[in-house]
Structures are given as structure tokens and as C-alpha cells.
Amino acid sequence: MKINDYAQNLAARVGAIQIVAFVLLALLGVRLYYLQIVKGDYYSERAENQRIRLIPIPAPRGAIFDRNGKILVDSRPTYNVVLSNEPIKKIDVTDRIDDYARGLGLDHQFVIDRLALIKKQNEFETMVLKENATMQDITWVESHTLEYPELRVELQPQRFYPLGMVLAHVLGYVGEISPNQLESAEYKDKGFRPGDVIGKGGLEQYYDEYLRGKPGYRKVIVDSRGRVQSEIETVQPQPGQDLVTTIDLDLQMTAEQQLNSSSTNRGTIISMDPNNGEIFAMASHPSFDPNVFVQGSTTSEGRKQIAAYWQDEKRPLYNRAIQGRYPPGSTWKIPMSIGALQQGTITVANSHMLCGGGITIGNKFTRCMGSHGSPPLDFAITKSCDGYYYHLGLKMGIEGMIKTIEEFGYDKRSGIDLPNEKVPQTPKTWMPYILKHEGKWSDIRTVYASVGQDTVVVTPISMLRVISSVGVHGKMYIPHFLKEFRPIRSVGEEGDPSFIPSRPGFGFVNADPTVINMTPEQNALVLKGMWGVVNNGGTAGSIKMPNLEIAGKTGTAQVAELGKDTGANKDHAWFDSFAPADKPEISVLVLIENSGFGSANAAPAAKAMYETYLAKKASPAPDNHDVARKYSMKISE
Amino acid sequence: MVAIIEKRDLRDFDWLTTVLAVAIASFGVWQIHNALPTENYWSKQIIGLIIAFVAFLVVAFSDYRRIIDAAPVFYVIGLVLLLLVITPLGVEVNGQKAWLKLPVIGQFQPSEFVKIPTVLMLAKYFGAKKSGTLTLREILIGGAIFAGPIVLIMLEPDAGQAITYFPILAAIFFLSGIKVRYVVIALVAVAIMVPTAYFVGVRTGKIKRYQQERILAIIDPDQVDPRGYGYHTIQSTITVGKGGLSGIKGDPETSQSVLKFLPEPHTDFIFAVTAENTGFIGCVSLLLAYALLLSRLISGAREASDRAGMLVIMSIVCGMVFQIFLNIGMAQGFLPVIGVPLPLMSAGLSAILSTFIAIGFVVSIKMRRFVN
């Protein structure tokens, strides 16, 4: 071999180079073994994660109808600008905050919050950056796809409340689940994720699980820029169930109008079917526009409006019908009367009790509005004689009154199908507190309590429930809005992992009513007094109607001491009623805050409700009663 | 020239080396197709392969000794081409002027070809050497020959390409009897100087940000600028790893290159594409093919009839080994991202042509091993 001719150990040197070459190649082979054989599955998964993306297909939320099929809440298509979290893991988006805020007209801080939130998400999910994108927004996103591949425009059905402020407290609104809610066990266990839209307040919240649909998704392959290359599978969403409520939109509109035209614009009107607890109308004023919460939460203007709602002293977000607690004033005399009859404090045969123009406790004289001698019960109700009840209350004693409170369920919620109902406060709740601080329950408190003042503050819904029971032999039903949830068919093939079973329809299951024990004679006596309030020269004689006999009770609840009861401290005006008196079909409660006498300020609004009711009875066919059916066919296709 | 091929030439022609080189290049064409099936890089590469093969035959059947005699001419032509690159005739891509666009010939990368005249020039000078260890004078002259193209390539600037020249000089010095103790000193010096130079360079700002990132990306690709070189390293490692045992066999649905996750899949990262499509089996076969080809070349060097021929072959071998290691190491995510083509595999006419010409020399030298 010729190399051996050379004296520089060349054969060894060439051999050394050969060995180094083979060692380097072997090194590559070892690394290859590690990457492909040892970690092959890991890298396969990483590759799959970056090319497969789930694009959610939102499920339409169930619509809400009134009892005649009129649409109360609906969803309409809108476009959202969404931020996809996959590309932004690769880039630093903090320097794009200004661009996003300027391009989409967003609040600077809002963009920062969103970016913080998206970091908590799983891979390949999206976060809404702007709802209700305008044509300009969409154009902006489309023309910047190369610069900002993380932005995308998605079609999203958005909740729409066509009635605006009407019925707002009952319907509630929807919004993105809050970080606090996500942390709470109630939501965490159900697998909610950031960005999910849930019902907030009202029926939207109470029946969220039925109204909510199950979202579908598109599983797609994307390239490195996030552009969809092909689709692997599509799982269709299942819409939520449609809710038919017991609301009668015509009665509701009347209630809203009456509150609008009331002197203080603050108060509540509730109308119910006393025979089963179905709510026809529930209005609370001042009100709010749920659309502001749905559409405005991403704009600085909208957020300002929402903050204004929260800060408003008049508390527009609060449902006075179930969350307001007011002294019931003279309307309290109805449960007092029945309680006294039950306990034998008075009897049907002898229900006389001294009025005396008032009562003296210690050295303090508490007066009646008139001087009624020693009237029977029905007269005391009709004329709203305070003196009668001062004496009756003392005779019953505070223990007797507490028994009545328990009998009529004033120590509990009514059970209405709305969230956040308040429990009334009564002598029962106050007793331990008063005993602790004052040593004893004084007679003057009993006197005040017997006419629904001082230690008695009740929710309007609890009051309506009790008053209505007088018309239906003492039966107290659970007030409710649910008439029916419509069924939804299944999605996909049975056995598929993505199969969503059908959801059956269902109605409200009315539990046996709580029955107030009273004899027909006792019932008739109280009813007679209530009938007289409107029809026999009573406190609400001014609303007597020729074709409908209303039974009711006025109330004028003191907010401040006599003499200071003017302006903002004027009395709350109550009128609780049902009609026809002998066989009621509808009950109506009106409460106008700080407006003065119940007879003058509350009773006329109730009359308007009854007039609407009568007008509807005269022409029973609702003008578009089959809209609901058509609509439900449309969305279930 | 074909007419003057003698019977003896055909008998001594190195068929196995030729077949191996063509087989690897054909395998490369398939991988270029896998990388981007909808583009025409693979068909261009076939044309490139045909041109390269013709050039290979011309060189193989030429007498290498006459070519080595003419080495200074080729060397000067090479330097002129490199000079032209940095004139306005050069084509600028990504801030680098590595390409030359000439009428008729078209666009090519002179730094790929100038390796050959550089090897020939060095072989001519050191081939004339008699026995004995390397003198300082010889080292300086060798360094000067080498410095010519290197300086011009660094002016482009194309540090990646310049790096591939160093193994040539190392092979020449090593095989010209440089003392082993100098080799050891050089290795130790490199081991100390490289990190030191890096830190000094970073401190003084001589090493640019993007160059630092290439280095840091190796240490922790997920942390250092995952958009830039870190991204290349991450994606290439994923692509190699996901190939598993037998690869995806060209399925475009899941292909990292078709979905554009893998950058430069047909050139710098062709090995990642190979790994993804043919898996461990395909890649190990490729590595074995390279090992076999290199063995054939080295055996040619052992049998070479003169010192110059041996030096030419071993320079080519060292250059190839270095490029293979650099390129595959980069694709496997443990070496910095440097744009070095994988010999015989990466798409590109310049690269495949220069590699085949180099192998043509080896075949020519082997064919004339009994002549003297």
C-alpha cells in the first residue's frame, strides 16, 4: 500500500479520521434512537397538539316565551372577534395591546384583563375579545390576518331581549362566567370554563341548565399560521330547551305602564293565578335593560352603564317583588284577622272589638284614622280600622301573632322559581334580638306589629300569596313562572362518543298547596270585609268596577314618624287584591314606594290590571298564539 | 472524452461508490417530494442530479493529476467568482450575498464550488511535500491559500459556509505530518477559546443578538425566543421525534413540512423530513449508507497512487463528515441552526453539483491507483 511509503504514520492518521467519522455518525444514531424510539410518542403528541384545533360551535340557548307564545327572549346571530391562545404562546402579545385596543375600539385595561385570562385556558381554546363586531371590526381583523394570526371572527348567537326594560328582573340576563364563579364548587364541578356564557339573575340563572345547550365543535387541522387545512370531524351542538312561562305579556305591559306613570316611579306590581300560583305579571321599577349586560360588557361605554346601574341609589337591578322588604301596613290585617279567628281571639259570631279612636300604652296614645266605636271584623277590614287591630293584637299577644306568621309562611321563602328571594322579617325574627337588647317585648311593639309596622317587613310576593289564599279557601300555592320546557331531540348516532341524548319536555309540578285552616264561615267573614273595601264604601271604593267584583285590602305603610312623612319619606302605598271575589281567577298586588295612601296611589293601578284582564277575556284568541310552535320548529330543524 | 475511455478505466471504475452516491441522492429527491409535494423542488432536483451525474462522469474519467497541475488556474477563477459575489452582480437574500447571477449559467452559489479549487490548490502544494513533520513555513503558506476564499466568504457574510471549509485545512495539516502534540494543543485551545470568545463576543457586542440566539436555542429552545431560532430547533426536533420507528410515509395530513410548521424543509431541514417520513428505519439506513460511502472514499485514499490524490480524497471526506454531522445535529436539535446543506440530500443545484464533482475526483483517483 502506497501510504506506507510515507514516514509520517499516515495509515494511523487516516485510520484516526475514519474512526472519528464513524463515532460522529454513531452519535447521530444514538440521538436518533432517543428522539424517535424513546420519545417518539411525546413528539407525536406535540405535533398533533400544534396541528389539531377544536373550533367550538356554540349551541343556541333556549328561547323564552310568554304563556301565549310571544317571544320574551331570543338569540340573534352576531360576530365576535376571538383570540386564539395557541399562536399567542409563541409570541409576545403585550406589545399588541395598543394595536388591539385601537383596531377594535376596546378599552386598554380590558384587553390586558383578557390576555391574563386566556393564559389560564387549555390549549386551542379561544377567548372573546370583542362581541358584536361591526363591519369595520371584521374588516380590520381580516386585513391583519398576517400580522395577527391569533385573531379570528366567529359567528356567535347572542342573547337578545326584545322587550328591553320590560320584565327585566324576571328574565335576568346572560354573561360570561366570572372568575369567582369559576372557583366556586357549584360551577367548577359542572365543568365550566373561562368564557362560558351563563344565566345571571332571573329565569336565565334559575333554569340555566335547561336553557343552556351543549356546544359542538369542529376538529380541524391547521397549518403553522393557524389556517384551517382540512376538517377531521364535526360534532353538531344541541340547542337548549325553550321555556314557556306563565307570563301574560299584555298584563305585564299594563303593570309596566302603571309603574311608569306612578308618582315615584318606584314599586312593584305582581299578578298571579290564585288557583295554582302561576305568575301572570311581575314588574319592578326602576328597571334596567338586560341587553346592556349582554352587549356592553366589552366596551368602556357599556361598562360605564353597568357600573351606573350598580351605583344607582334607586337600585334598578333589585327585584322589589321578591327582594324588597317593606312594612305591609294595613294589608297585614288580613293574616291578623284569620289568625285571630283560628286562635279564637274573636269568633265569627262575635267579632266585635273596641276601636276607641286609638289606644294608650303607658303614657303614649296611638290613634286610629277614625273613630269606629266597636266594629265587627268585616267592617274593620273594609274601613281599615287601626284601633280594632291594636286591641286585637294585644289580645292575641305576640305569641299568637308569631303563630300566625308561621301559619302563613312569613318565616320562609315563597319558593318562587327565581334566585335570591328574600325572607320577610317579622316579630319572630326580631324576638331574640329585642329580648337581648330591651329585656322584654313591650306592648307598644305588639300594637305596631298588629298593623304591619315596626318589626314587620315583608316581601311583596309573600304578601300576595297570603292575600290570594283568602279567595281559594286558604290554599297557598308556590308562585312560579315555569309552564313548560319543550323537549329537544338527540344529536348524533347512539353509541358515538359525541352522542348527545334527547332532553325530555316537562312542566311545573305543583306540590300540594299549603292550606290555611279556617272554616268556610271564617273565610267568608274575612272575604266579606275585603269585598267591602272596593264594593261597599271601603278604602278602595274609588276603583269599583261595574263588571268585576274585586276583593282587596289597601295599605299605607309608614316609613317615618307622623309629621315627617312627606317627600322622600312619604308612606308606601299598597293594594293587595283578587277578582272575582267569589271565585277568583286573578290576583294583583301593587306597591308604590313613598307615594302616600294606598287607596289613592296603589288601587288605581290594580284596576288597570283588571281592565286588561277583562279585555283579554272578551277576545280570548291571542293575536299570534302559534308563533312559538313555528319558532320551535325552526330551531329544532 | 467518452471515446478515449479505455477498457482498463471501466474495469477500475468504482461502481459501488457511484451507486451509493446516486442512491442517496435519489432517496433525497423522494424526501424533497415528501417535504413539499405540491412544489416542484423535487423535479428540479432530478434535473440537478442528472447535470451533477454528467459532471461526475467527466471528472471521474479525467486524469486528476492534470487537473491538480492546473489547480492555480481554478483557484484564481474561484477567487474571482467569490469577488463577483460581493459586487452588485451578487444576489442578496436575507441580508446575505451568497449567490451569483450570471448570464446563461444562471444563479449559483460560488462558495459551494470554490471548495474544490481550494482542496486542489492545497493538495498541489502539500502533495509535493517530502517526508518529515510540517514546518512553520508550510503552515503559513497553507494558511494563506486557505485564507483567500475564507475572507471573501466572510465578506458575504456567510459564516455557516465558511465553517465548512475548516475541516479541509484540518485534514490537510493533519495528513501532512503535523505533530500530534500540536493537534492536541489545537483541540485544547479550541475547547477553551470557543466559550471564551463567545462570552467576550457577547460582552463587547461583536456577536450579534441573532447569533447568540442560535446558540442559546440549543440549550433551552422553549425559553429562548421561540419565534426565531428556538422555533426552528423546536419544530425540527418535534418533526424528527414524531417519525417514530417507521415514519408517516408521506401522509400530507400530518406532515410538519406540508403544514408549514417545519421551516426550510427541502434544504436545511431535509433530514427532519426524512426522519418524519421514513422513521428510525429510514434514518439509520441513511446513516449506514453515508458510513459505507465514506468508507469507500477512505479506502480510495489509502490506495491513492500519490500524496496529492490522498489529500484530495481525505479533505473531501472530512468536509462531508463535518457537514453531515453539523446538518443532522442541527435537525436533531443539539447543534446550532447553521444553514449547511446535507450532502447529496438537500435540494439545491450548487450543493449536489459540487458534491458529485468531489466524488468524481475520488473515483478518478481510485481509477488511477495502479498508474505511476
# chains A, B, ... in the order shown; residues from 1 in each chain; ligands from 1
$ residues_around --residues "Ile359 (chain B)" --least-positions-apart "6" --cutoff "9 Å" --atoms "only C-alpha atoms" --output "list in words"
Thr17, Thr18, Ala21, Phe56, Val59, Ala60, Leu297, Ile313 and Ile316 of chain B
$ interface_residues --of "chain A" --to "chain B" --cutoff "8 Å" --atoms "only C-alpha atoms" --output "NGL selection string"
:A and (1-3 or 6-11 or 13-14 or 17-18 or 21-22 or 24-25 or 28-29 or 31-33 or 35-37 or 39-48 or 51 or 90-91 or 221-224 or 229)
$ select_by_dssp --residues "region 368-541 of chain A" --states "strand (DSSP E)" --output "list in words"
Lys475, Met476, Leu482, Lys483, Glu484, Phe485, Phe506, Gly507, Thr514 and Val515 of chain A
$ atom_distance --atom1 "CA of Gly175 (chain A)" --atom2 "CA of Val73 (chain A)"
14.3 Å
$ residues_around --residues "Glu138 (chain B)" --least-positions-apart "5" --cutoff "9 Å" --atoms "only C-alpha atoms" --output "list in words"
Tyr125, Phe126 and Gly143 of chain B
$ write_last_selection --atoms "C-alpha atoms" --output "CSV table (one decimal), in the first residue's frame"
chain,number,residue,atom,x,y,z
B,125,TYR,CA,1.2,22.4,-2.5
B,126,PHE,CA,1.2,19.8,0.2
B,143,GLY,CA,-3.0,29.1,5.7
$ residues_around --residues "Met367 (chain B)" --least-positions-apart "5" --cutoff "9 Å" --atoms "only C-alpha atoms" --output "short mmCIF file (atom, residue, chain, number, x, y, z; two decimals) with C-alpha atoms, in the first residue's frame"
data_model
loop_
_atom_site.label_atom_id
_atom_site.label_comp_id
_atom_site.auth_asym_id
_atom_site.auth_seq_id
_atom_site.Cartn_x
_atom_site.Cartn_y
_atom_site.Cartn_z
CA ARG B 8 -8.99 -0.57 -18.07
CA ASP B 9 -10.83 2.53 -17.00
CA LEU B 10 -14.12 0.64 -16.94
CA ARG B 11 -12.60 -2.23 -15.03
CA ASP B 12 -11.21 0.04 -12.32
CA PHE B 13 -14.27 2.32 -12.20
CA ASP B 14 -15.66 2.43 -8.64
CA ALA B 60 -14.12 10.70 -12.97
CA PHE B 61 -12.74 9.87 -16.40
CA VAL B 362 -12.30 10.37 -5.73
#
$ closest_residue --among "A:Met282, A:Phe578, A:Met336, A:Gly226" --to "Leu591 (chain A)" --atoms "only C-alpha atoms"
A:Met282
$ atom_distance --atom1 "CA of Phe108 (chain B)" --atom2 "CA of Ile67 (chain B)"
22.4 Å
$ residues_around --residues "region 262-269 of chain A" --least-positions-apart "6" --cutoff "7 Å" --atoms "only C-alpha atoms" --output "list in words"
Ala255, Met282, Ala283, Ser284, His285, Pro286, Arg320, Ala321, Leu589, Val590, Leu591, Ile592, Glu593, Asn594 and Ser595 of chain A
$ write_last_selection --atoms "C-alpha atoms" --output "PDB file, in the first residue's frame"
ATOM      1  CA  ALA A 255     -98.077  46.584  35.003  1.00  0.00           C
ATOM      2  CA  MET A 282     -94.200  40.751  37.739  1.00  0.00           C
ATOM      3  CA  ALA A 283     -92.846  44.228  37.250  1.00  0.00           C
ATOM      4  CA  SER A 284     -90.328  46.064  39.370  1.00  0.00           C
ATOM      5  CA  HIS A 285     -89.343  49.678  38.842  1.00  0.00           C
ATOM      6  CA  PRO A 286     -86.953  51.251  38.231  1.00  0.00           C
ATOM      7  CA  ARG A 320     -88.594  44.640  44.501  1.00  0.00           C
ATOM      8  CA  ALA A 321     -91.227  41.900  44.188  1.00  0.00           C
ATOM      9  CA  LEU A 589    -100.596  43.268  44.204  1.00  0.00           C
ATOM     10  CA  VAL A 590     -99.486  46.858  43.786  1.00  0.00           C
ATOM     11  CA  LEU A 591     -96.829  48.568  45.863  1.00  0.00           C
ATOM     12  CA  ILE A 592     -95.730  52.105  45.079  1.00  0.00           C
ATOM     13  CA  GLU A 593     -92.846  53.295  47.222  1.00  0.00           C
ATOM     14  CA  ASN A 594     -93.195  56.598  49.095  1.00  0.00           C
ATOM     15  CA  SER A 595     -96.271  57.729  47.208  1.00  0.00           C
TER      16      SER A 595
END
$ residues_around --residues "region 159-168 of chain B" --least-positions-apart "4" --cutoff "9 Å" --atoms "only C-alpha atoms" --output "JSON, numbers by chain"
{"B": [111, 112, 115, 118, 119, 122, 146, 149, 150, 151, 153, 154, 172, 173, 312, 314, 315, 316, 317, 318, 319, 320, 321, 322, 323, 338, 339, 340]}
$ select_by_dssp --residues "region 111-317 of chain B" --states "alpha helix (DSSP H)" --output "PyMOL selection string"
chain B and resi 111-113+115-127+136-155+159-163+166-175+180-204+209-219+229-242+270-303+307-317
$ residues_around --residues "Ala560 (chain A)" --least-positions-apart "3" --cutoff "8 Å" --atoms "only C-alpha atoms" --output "PyMOL selection string"
chain A and resi 564-565+569-571
$ atom_distance --atom1 "CA of Ile478 (chain A)" --atom2 "CA of Ala511 (chain A)"
7.7 Å
$ closest_residue --among "B:Arg296, B:Pro252, B:Asp268, B:Arg137" --to "Thr38 (chain B)" --atoms "only C-alpha atoms"
B:Pro252
